[in-house]
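**Q** Structure below; questions to follow.
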Number of protein chains: 2
Amino acid sequence: MRPFKHPHPDDFVLERVLYALSDPVRLEIVRHLAQVAEASCGELDGGRPKSSMSHHFRVLRDSGLVCTYGVGTTHMNSLRRADLESRFPGLLQAILDNTDA
Amino acid sequence: MRPFKHPHPDDFVLERVLYALSDPVRLEIVRHLAQVAEASCGELDGGRPKSSMSHHFRVLRDSGLVCTYGVGTTHMNSLRRADLESRFPGLLQAILDNTDA
DNA sequence: TCCATTGTTCGAATATTATCGAACAACTGA
DNA sequence: TCAGTTGTTCGATAATATTCGAACAATGGA
């Protein structure tokens, strides 16, 4: 299992991060990851097809929001909090703070 | 000139706001408005066709980011800072703080 | 009233995304 | 080595967005 490519914080693009978070499915993933610190893809699909989820994880990875690494047959995902904070201070927190109401 | 409809802060949707800001043209508009407090559509197009800009302003209005009102033959736009701050505290500031590098 | 200015709306073409089944790849355990 | 589990990749389809010219609407001034 070859590791995924994750962008360096210097290469994060604000527009891409915002776009990645503008999808309800992906925002839900990020919110979940903010609470558990780490979760497999399977734990994060809401009964959705794996191919769909794989797409969303890729968008999250490419934007710099999420880090994915293989552990056995599963892929573990985590939020890149520190990297995001260093590049876009306060952004992630402001988004996570919103409990939608 | 009938006034545009602007959503109430209670009806702001985080995903929509993030999506509106994920477009470079719209983000540029918002950044500009953050500095001048008020500007006409004409001041904000970068030589782009008016019909294109009109579309972007509508997205910004519908998401709650921008308020547009008619003054004579021109339309003035302003950032809905207070409304955004009340609904998504810190979000706009975190985005505006990023000077992209 | 006639005209120039400022934007909106309409319609169509193009581009991007989302979704999901099917096939494939990596790993583990028996 | 074989089977089961977990995800990825591929390919196609459907849905959404972007872009922009052309026609239209509202305003203000000459």
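Letters A, B, ... mark the chains of the structure tokens in the order given; residue numbers begin at 1 per chain; ligand numbers begin at 1, in order shown.
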Could you tell me, as a list in words, which residues of chain A DSSP assigns to strand (DSSP E or B) when given the backbone?

**A** Ala39, Ser40, Val66, Cys67, Thr68, Tyr69, Gly70, Val71, Thr74, His75, Met76, Asn77, Ser78 and Leu79 of chain A

**Q** Identify every residue of chain C that has at least one atom within 12 Å of any atom of chain B, counting only C-alpha atoms (C1' of nucleotides), and report the result as a PyMOL selection string.

**A** chain C and resi 4-10

**Q** Excluding same-chain residues fewer than 3 positions from DG4 of chain D, what lies within 12 Å of it counting only C-alpha atoms (C1' of nucleotides), as a ChimeraX atom specification?

**A** /A:73 /C:27-30

**Q** Restricted to all heavy atoms, what would the selected residues look like written as a PDB file, in the first residue's frame?

**A**
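Contents of the output file again.pdb:
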ATOM      1  N   THR A  73      -5.572  -3.416   6.582  1.00  0.00           N
ATOM      2  CA  THR A  73      -6.416  -3.279   5.394  1.00  0.00           C
ATOM      3  C   THR A  73      -7.259  -2.004   5.434  1.00  0.00           C
ATOM      4  O   THR A  73      -7.942  -1.691   4.476  1.00  0.00           O
ATOM      5  CB  THR A  73      -7.383  -4.473   5.273  1.00  0.00           C
ATOM      6  OG1 THR A  73      -8.330  -4.391   6.331  1.00  0.00           O
ATOM      7  CG2 THR A  73      -6.638  -5.779   5.361  1.00  0.00           C
TER       8      THR A  73
ATOM      9  P    DC C  27       0.332  -3.612   1.368  1.00  0.00           P
ATOM     10  OP1  DC C  27       0.981  -2.459   2.014  1.00  0.00           O
ATOM     11  OP2  DC C  27       1.115  -4.530   0.507  1.00  0.00           O
ATOM     12  O5'  DC C  27      -0.374  -4.476   2.509  1.00  0.00           O
ATOM     13  C5'  DC C  27      -1.300  -3.811   3.372  1.00  0.00           C
ATOM     14  C4'  DC C  27      -2.247  -4.807   3.996  1.00  0.00           C
ATOM     15  O4'  DC C  27      -3.017  -5.471   2.985  1.00  0.00           O
ATOM     16  C3'  DC C  27      -1.554  -5.936   4.769  1.00  0.00           C
ATOM     17  O3'  DC C  27      -1.744  -5.702   6.162  1.00  0.00           O
ATOM     18  C2'  DC C  27      -2.265  -7.217   4.302  1.00  0.00           C
ATOM     19  C1'  DC C  27      -3.465  -6.691   3.531  1.00  0.00           C
ATOM     20  N1   DC C  27      -3.914  -7.559   2.418  1.00  0.00           N
ATOM     21  C2   DC C  27      -5.161  -8.177   2.512  1.00  0.00           C
ATOM     22  O2   DC C  27      -5.849  -7.985   3.520  1.00  0.00           O
ATOM     23  N3   DC C  27      -5.579  -8.971   1.498  1.00  0.00           N
ATOM     24  C4   DC C  27      -4.808  -9.144   0.422  1.00  0.00           C
ATOM     25  N4   DC C  27      -5.267  -9.930  -0.554  1.00  0.00           N
ATOM     26  C5   DC C  27      -3.528  -8.523   0.294  1.00  0.00           C
ATOM     27  C6   DC C  27      -3.117  -7.744   1.311  1.00  0.00           C
ATOM     28  P    DT C  28      -0.988  -6.652   7.215  1.00  0.00           P
ATOM     29  OP1  DT C  28      -0.655  -5.830   8.386  1.00  0.00           O
ATOM     30  OP2  DT C  28       0.059  -7.409   6.501  1.00  0.00           O
ATOM     31  O5'  DT C  28      -2.148  -7.666   7.610  1.00  0.00           O
ATOM     32  C5'  DT C  28      -3.458  -7.179   7.918  1.00  0.00           C
ATOM     33  C4'  DT C  28      -4.360  -8.330   8.324  1.00  0.00           C
ATOM     34  O4'  DT C  28      -4.904  -8.958   7.127  1.00  0.00           O
ATOM     35  C3'  DT C  28      -3.661  -9.424   9.129  1.00  0.00           C
ATOM     36  O3'  DT C  28      -4.437  -9.742  10.274  1.00  0.00           O
ATOM     37  C2'  DT C  28      -3.540 -10.586   8.152  1.00  0.00           C
ATOM     38  C1'  DT C  28      -4.712 -10.353   7.197  1.00  0.00           C
ATOM     39  N1   DT C  28      -4.489 -10.815   5.811  1.00  0.00           N
ATOM     40  C2   DT C  28      -5.480 -11.526   5.174  1.00  0.00           C
ATOM     41  O2   DT C  28      -6.538 -11.797   5.694  1.00  0.00           O
ATOM     42  N3   DT C  28      -5.182 -11.897   3.889  1.00  0.00           N
ATOM     43  C4   DT C  28      -4.018 -11.646   3.199  1.00  0.00           C
ATOM     44  O4   DT C  28      -3.864 -12.039   2.040  1.00  0.00           O
ATOM     45  C5   DT C  28      -3.018 -10.910   3.922  1.00  0.00           C
ATOM     46  C7   DT C  28      -1.712 -10.585   3.276  1.00  0.00           C
ATOM     47  C6   DT C  28      -3.294 -10.536   5.186  1.00  0.00           C
ATOM     48  P    DG C  29      -3.838 -10.762  11.340  1.00  0.00           P
ATOM     49  OP1  DG C  29      -4.046 -10.147  12.669  1.00  0.00           O
ATOM     50  OP2  DG C  29      -2.474 -11.189  10.927  1.00  0.00           O
ATOM     51  O5'  DG C  29      -4.819 -12.018  11.191  1.00  0.00           O
ATOM     52  C5'  DG C  29      -6.145 -11.789  10.725  1.00  0.00           C
ATOM     53  C4'  DG C  29      -6.836 -13.118  10.441  1.00  0.00           C
ATOM     54  O4'  DG C  29      -6.623 -13.481   9.060  1.00  0.00           O
ATOM     55  C3'  DG C  29      -6.306 -14.293  11.261  1.00  0.00           C
ATOM     56  O3'  DG C  29      -7.375 -15.197  11.525  1.00  0.00           O
ATOM     57  C2'  DG C  29      -5.267 -14.907  10.330  1.00  0.00           C
ATOM     58  C1'  DG C  29      -5.913 -14.686   8.964  1.00  0.00           C
ATOM     59  N9   DG C  29      -4.970 -14.565   7.857  1.00  0.00           N
ATOM     60  C8   DG C  29      -3.732 -13.957   7.885  1.00  0.00           C
ATOM     61  N7   DG C  29      -3.116 -13.989   6.724  1.00  0.00           N
ATOM     62  C5   DG C  29      -4.007 -14.668   5.890  1.00  0.00           C
ATOM     63  C6   DG C  29      -3.889 -15.011   4.517  1.00  0.00           C
ATOM     64  O6   DG C  29      -2.962 -14.772   3.742  1.00  0.00           O
ATOM     65  N1   DG C  29      -5.011 -15.695   4.061  1.00  0.00           N
ATOM     66  C2   DG C  29      -6.105 -16.000   4.824  1.00  0.00           C
ATOM     67  N2   DG C  29      -7.091 -16.660   4.215  1.00  0.00           N
ATOM     68  N3   DG C  29      -6.228 -15.691   6.108  1.00  0.00           N
ATOM     69  C4   DG C  29      -5.143 -15.025   6.577  1.00  0.00           C
ATOM     70  P    DA C  30      -7.131 -16.428  12.452  1.00  0.00           P
ATOM     71  OP1  DA C  30      -8.129 -16.320  13.535  1.00  0.00           O
ATOM     72  OP2  DA C  30      -5.691 -16.530  12.793  1.00  0.00           O
ATOM     73  O5'  DA C  30      -7.532 -17.643  11.526  1.00  0.00           O
ATOM     74  C5'  DA C  30      -8.713 -17.536  10.716  1.00  0.00           C
ATOM     75  C4'  DA C  30      -8.769 -18.686   9.717  1.00  0.00           C
ATOM     76  O4'  DA C  30      -7.842 -18.408   8.629  1.00  0.00           O
ATOM     77  C3'  DA C  30      -8.340 -20.032  10.298  1.00  0.00           C
ATOM     78  O3'  DA C  30      -9.128 -21.066   9.746  1.00  0.00           O
ATOM     79  C2'  DA C  30      -6.888 -20.175   9.842  1.00  0.00           C
ATOM     80  C1'  DA C  30      -6.908 -19.460   8.501  1.00  0.00           C
ATOM     81  N9   DA C  30      -5.621 -18.851   8.136  1.00  0.00           N
ATOM     82  C8   DA C  30      -4.775 -18.154   8.949  1.00  0.00           C
ATOM     83  N7   DA C  30      -3.689 -17.719   8.344  1.00  0.00           N
ATOM     84  C5   DA C  30      -3.839 -18.160   7.042  1.00  0.00           C
ATOM     85  C6   DA C  30      -3.039 -18.024   5.905  1.00  0.00           C
ATOM     86  N6   DA C  30      -1.865 -17.368   5.913  1.00  0.00           N
ATOM     87  N1   DA C  30      -3.474 -18.569   4.764  1.00  0.00           N
ATOM     88  C2   DA C  30      -4.652 -19.222   4.759  1.00  0.00           C
ATOM     89  N3   DA C  30      -5.500 -19.412   5.772  1.00  0.00           N
ATOM     90  C4   DA C  30      -5.030 -18.848   6.896  1.00  0.00           C
TER      91       DA C  30
END

**Q** Counting only C-alpha atoms, collect the residues of chain A whose closest atom lies at most 10 Å from chain B, and write them out as a ChimeraX atom specification.

**A** /A:10-24,27,87-101

**Q** Write the selection just made, keeping N, CA, C and O atoms, as a short mmCIF file (atom, residue, chain, number, x, y, z; two decimals), in the first residue's frame?

**A**
data_model
loop_
_atom_site.label_atom_id
_atom_site.label_comp_id
_atom_site.auth_asym_id
_atom_site.auth_seq_id
_atom_site.Cartn_x
_atom_site.Cartn_y
_atom_site.Cartn_z
N ASP A 10 2.40 24.99 3.03
CA ASP A 10 2.68 26.14 2.18
C ASP A 10 1.88 26.09 0.88
O ASP A 10 1.65 27.12 0.24
N ASP A 11 1.49 24.90 0.51
CA ASP A 11 0.77 24.73 -0.75
C ASP A 11 -0.74 24.69 -0.58
O ASP A 11 -1.48 24.51 -1.55
N PHE A 12 -1.20 24.83 0.65
CA PHE A 12 -2.64 24.89 0.86
C PHE A 12 -3.20 26.09 0.13
O PHE A 12 -2.59 27.16 0.10
N VAL A 13 -4.38 25.91 -0.45
CA VAL A 13 -5.04 27.01 -1.15
C VAL A 13 -6.38 27.26 -0.46
O VAL A 13 -7.21 26.35 -0.37
N LEU A 14 -6.55 28.47 0.00
CA LEU A 14 -7.75 28.80 0.77
C LEU A 14 -9.03 28.42 0.02
O LEU A 14 -9.93 27.79 0.60
N GLU A 15 -9.10 28.77 -1.24
CA GLU A 15 -10.30 28.47 -2.02
C GLU A 15 -10.60 26.97 -2.03
O GLU A 15 -11.74 26.55 -1.96
N ARG A 16 -9.56 26.18 -2.13
CA ARG A 16 -9.76 24.73 -2.17
C ARG A 16 -10.26 24.21 -0.84
O ARG A 16 -11.08 23.30 -0.77
N VAL A 17 -9.74 24.74 0.22
CA VAL A 17 -10.17 24.32 1.56
C VAL A 17 -11.65 24.67 1.74
O VAL A 17 -12.44 23.85 2.20
N LEU A 18 -12.00 25.89 1.36
CA LEU A 18 -13.39 26.32 1.51
C LEU A 18 -14.31 25.47 0.65
O LEU A 18 -15.41 25.11 1.05
N TYR A 19 -13.84 25.16 -0.56
CA TYR A 19 -14.65 24.34 -1.45
C TYR A 19 -14.85 22.95 -0.85
O TYR A 19 -15.96 22.41 -0.85
N ALA A 20 -13.78 22.37 -0.35
CA ALA A 20 -13.87 21.04 0.23
C ALA A 20 -14.89 21.02 1.36
O ALA A 20 -15.64 20.06 1.54
N LEU A 21 -14.96 22.09 2.12
CA LEU A 21 -15.85 22.16 3.27
C LEU A 21 -17.27 22.57 2.89
O LEU A 21 -18.17 22.55 3.74
N SER A 22 -17.49 22.93 1.65
CA SER A 22 -18.81 23.41 1.24
C SER A 22 -19.75 22.26 0.90
O SER A 22 -20.92 22.48 0.61
N ASP A 23 -19.23 21.04 0.96
CA ASP A 23 -20.08 19.87 0.71
C ASP A 23 -20.52 19.27 2.04
O ASP A 23 -19.70 19.02 2.92
N PRO A 24 -21.81 19.03 2.18
CA PRO A 24 -22.36 18.52 3.45
C PRO A 24 -21.71 17.21 3.89
O PRO A 24 -21.42 17.04 5.07
N LEU A 27 -18.17 18.05 5.07
CA LEU A 27 -18.19 18.82 6.32
C LEU A 27 -18.52 17.90 7.49
O LEU A 27 -17.94 18.03 8.58
N ARG A 87 -1.47 27.60 8.79
CA ARG A 87 -1.66 28.25 7.49
C ARG A 87 -2.85 29.20 7.51
O ARG A 87 -2.81 30.27 6.92
N PHE A 88 -3.95 28.77 8.15
CA PHE A 88 -5.16 29.59 8.21
C PHE A 88 -5.63 29.69 9.66
O PHE A 88 -6.61 29.04 10.06
N PRO A 89 -4.97 30.51 10.44
CA PRO A 89 -5.26 30.59 11.88
C PRO A 89 -6.73 30.90 12.16
O PRO A 89 -7.29 31.85 11.61
N GLY A 90 -7.32 30.08 12.99
CA GLY A 90 -8.69 30.35 13.43
C GLY A 90 -9.78 29.86 12.48
O GLY A 90 -10.94 29.78 12.86
N LEU A 91 -9.39 29.53 11.27
CA LEU A 91 -10.40 29.15 10.28
C LEU A 91 -11.16 27.89 10.65
O LEU A 91 -12.39 27.87 10.74
N LEU A 92 -10.41 26.82 10.88
CA LEU A 92 -11.06 25.55 11.18
C LEU A 92 -11.91 25.65 12.44
O LEU A 92 -13.05 25.16 12.47
N GLN A 93 -11.37 26.31 13.44
CA GLN A 93 -12.12 26.44 14.68
C GLN A 93 -13.42 27.19 14.47
O GLN A 93 -14.47 26.80 15.01
N ALA A 94 -13.38 28.24 13.68
CA ALA A 94 -14.58 29.04 13.42
C ALA A 94 -15.64 28.18 12.73
O ALA A 94 -16.84 28.32 12.98
N ILE A 95 -15.19 27.29 11.88
CA ILE A 95 -16.13 26.43 11.15
C ILE A 95 -16.68 25.34 12.07
O ILE A 95 -17.87 25.03 12.05
N LEU A 96 -15.80 24.78 12.90
CA LEU A 96 -16.25 23.71 13.79
C LEU A 96 -17.15 24.24 14.90
O LEU A 96 -18.02 23.53 15.39
N ASP A 97 -16.94 25.48 15.27
CA ASP A 97 -17.75 26.07 16.34
C ASP A 97 -19.21 26.14 15.96
O ASP A 97 -20.09 26.08 16.80
N ASN A 98 -19.44 26.31 14.68
CA ASN A 98 -20.83 26.43 14.22
C ASN A 98 -21.56 25.11 14.31
O ASN A 98 -21.28 24.16 13.59
N THR A 99 -22.51 25.07 15.22
CA THR A 99 -23.28 23.84 15.39
C THR A 99 -24.56 23.87 14.59
O THR A 99 -25.49 23.12 14.83
N ASP A 100 -24.61 24.80 13.65
CA ASP A 100 -25.73 24.87 12.72
C ASP A 100 -27.07 25.14 13.39
O ASP A 100 -27.95 24.28 13.38
N ALA A 101 -27.20 26.30 13.96
CA ALA A 101 -28.47 26.80 14.50
C ALA A 101 -28.22 27.95 15.46
O ALA A 101 -27.59 27.78 16.46
#

**Q** So that each row is one residue of chain D with an atom at most 10 Å from chain B, can you give its shortest atom pair and the distance in Å to one decimal, using only C-alpha atoms (C1' of nucleotides), rows by chain and rising number, as JSON lines?

**A**
{"residue": "D:DT18", "atom": "C1'", "partner": "B:Ser52", "partner_atom": "CA", "distance": 8.1}
{"residue": "D:DT19", "atom": "C1'", "partner": "B:Ser52", "partner_atom": "CA", "distance": 6.3}
{"residue": "D:DC20", "atom": "C1'", "partner": "B:Ser52", "partner_atom": "CA", "distance": 6.7}
{"residue": "D:DG21", "atom": "C1'", "partner": "B:Ser51", "partner_atom": "CA", "distance": 8.9}
{"residue": "D:DA25", "atom": "C1'", "partner": "B:Met1", "partner_atom": "CA", "distance": 8.4}
{"residue": "D:DA26", "atom": "C1'", "partner": "B:Met1", "partner_atom": "CA", "distance": 5.8}
{"residue": "D:DT27", "atom": "C1'", "partner": "B:Thr73", "partner_atom": "CA", "distance": 4.8}
{"residue": "D:DG28", "atom": "C1'", "partner": "B:Gly72", "partner_atom": "CA", "distance": 7.3}

**Q** Quick one: pick out all alpha helix (DSSP H) residues within chain A from a backbone DSSP run and write them as a PyMOL selection string.

**A** chain A and resi 14-21+24-36+41-44+50-63+81-87+91-97
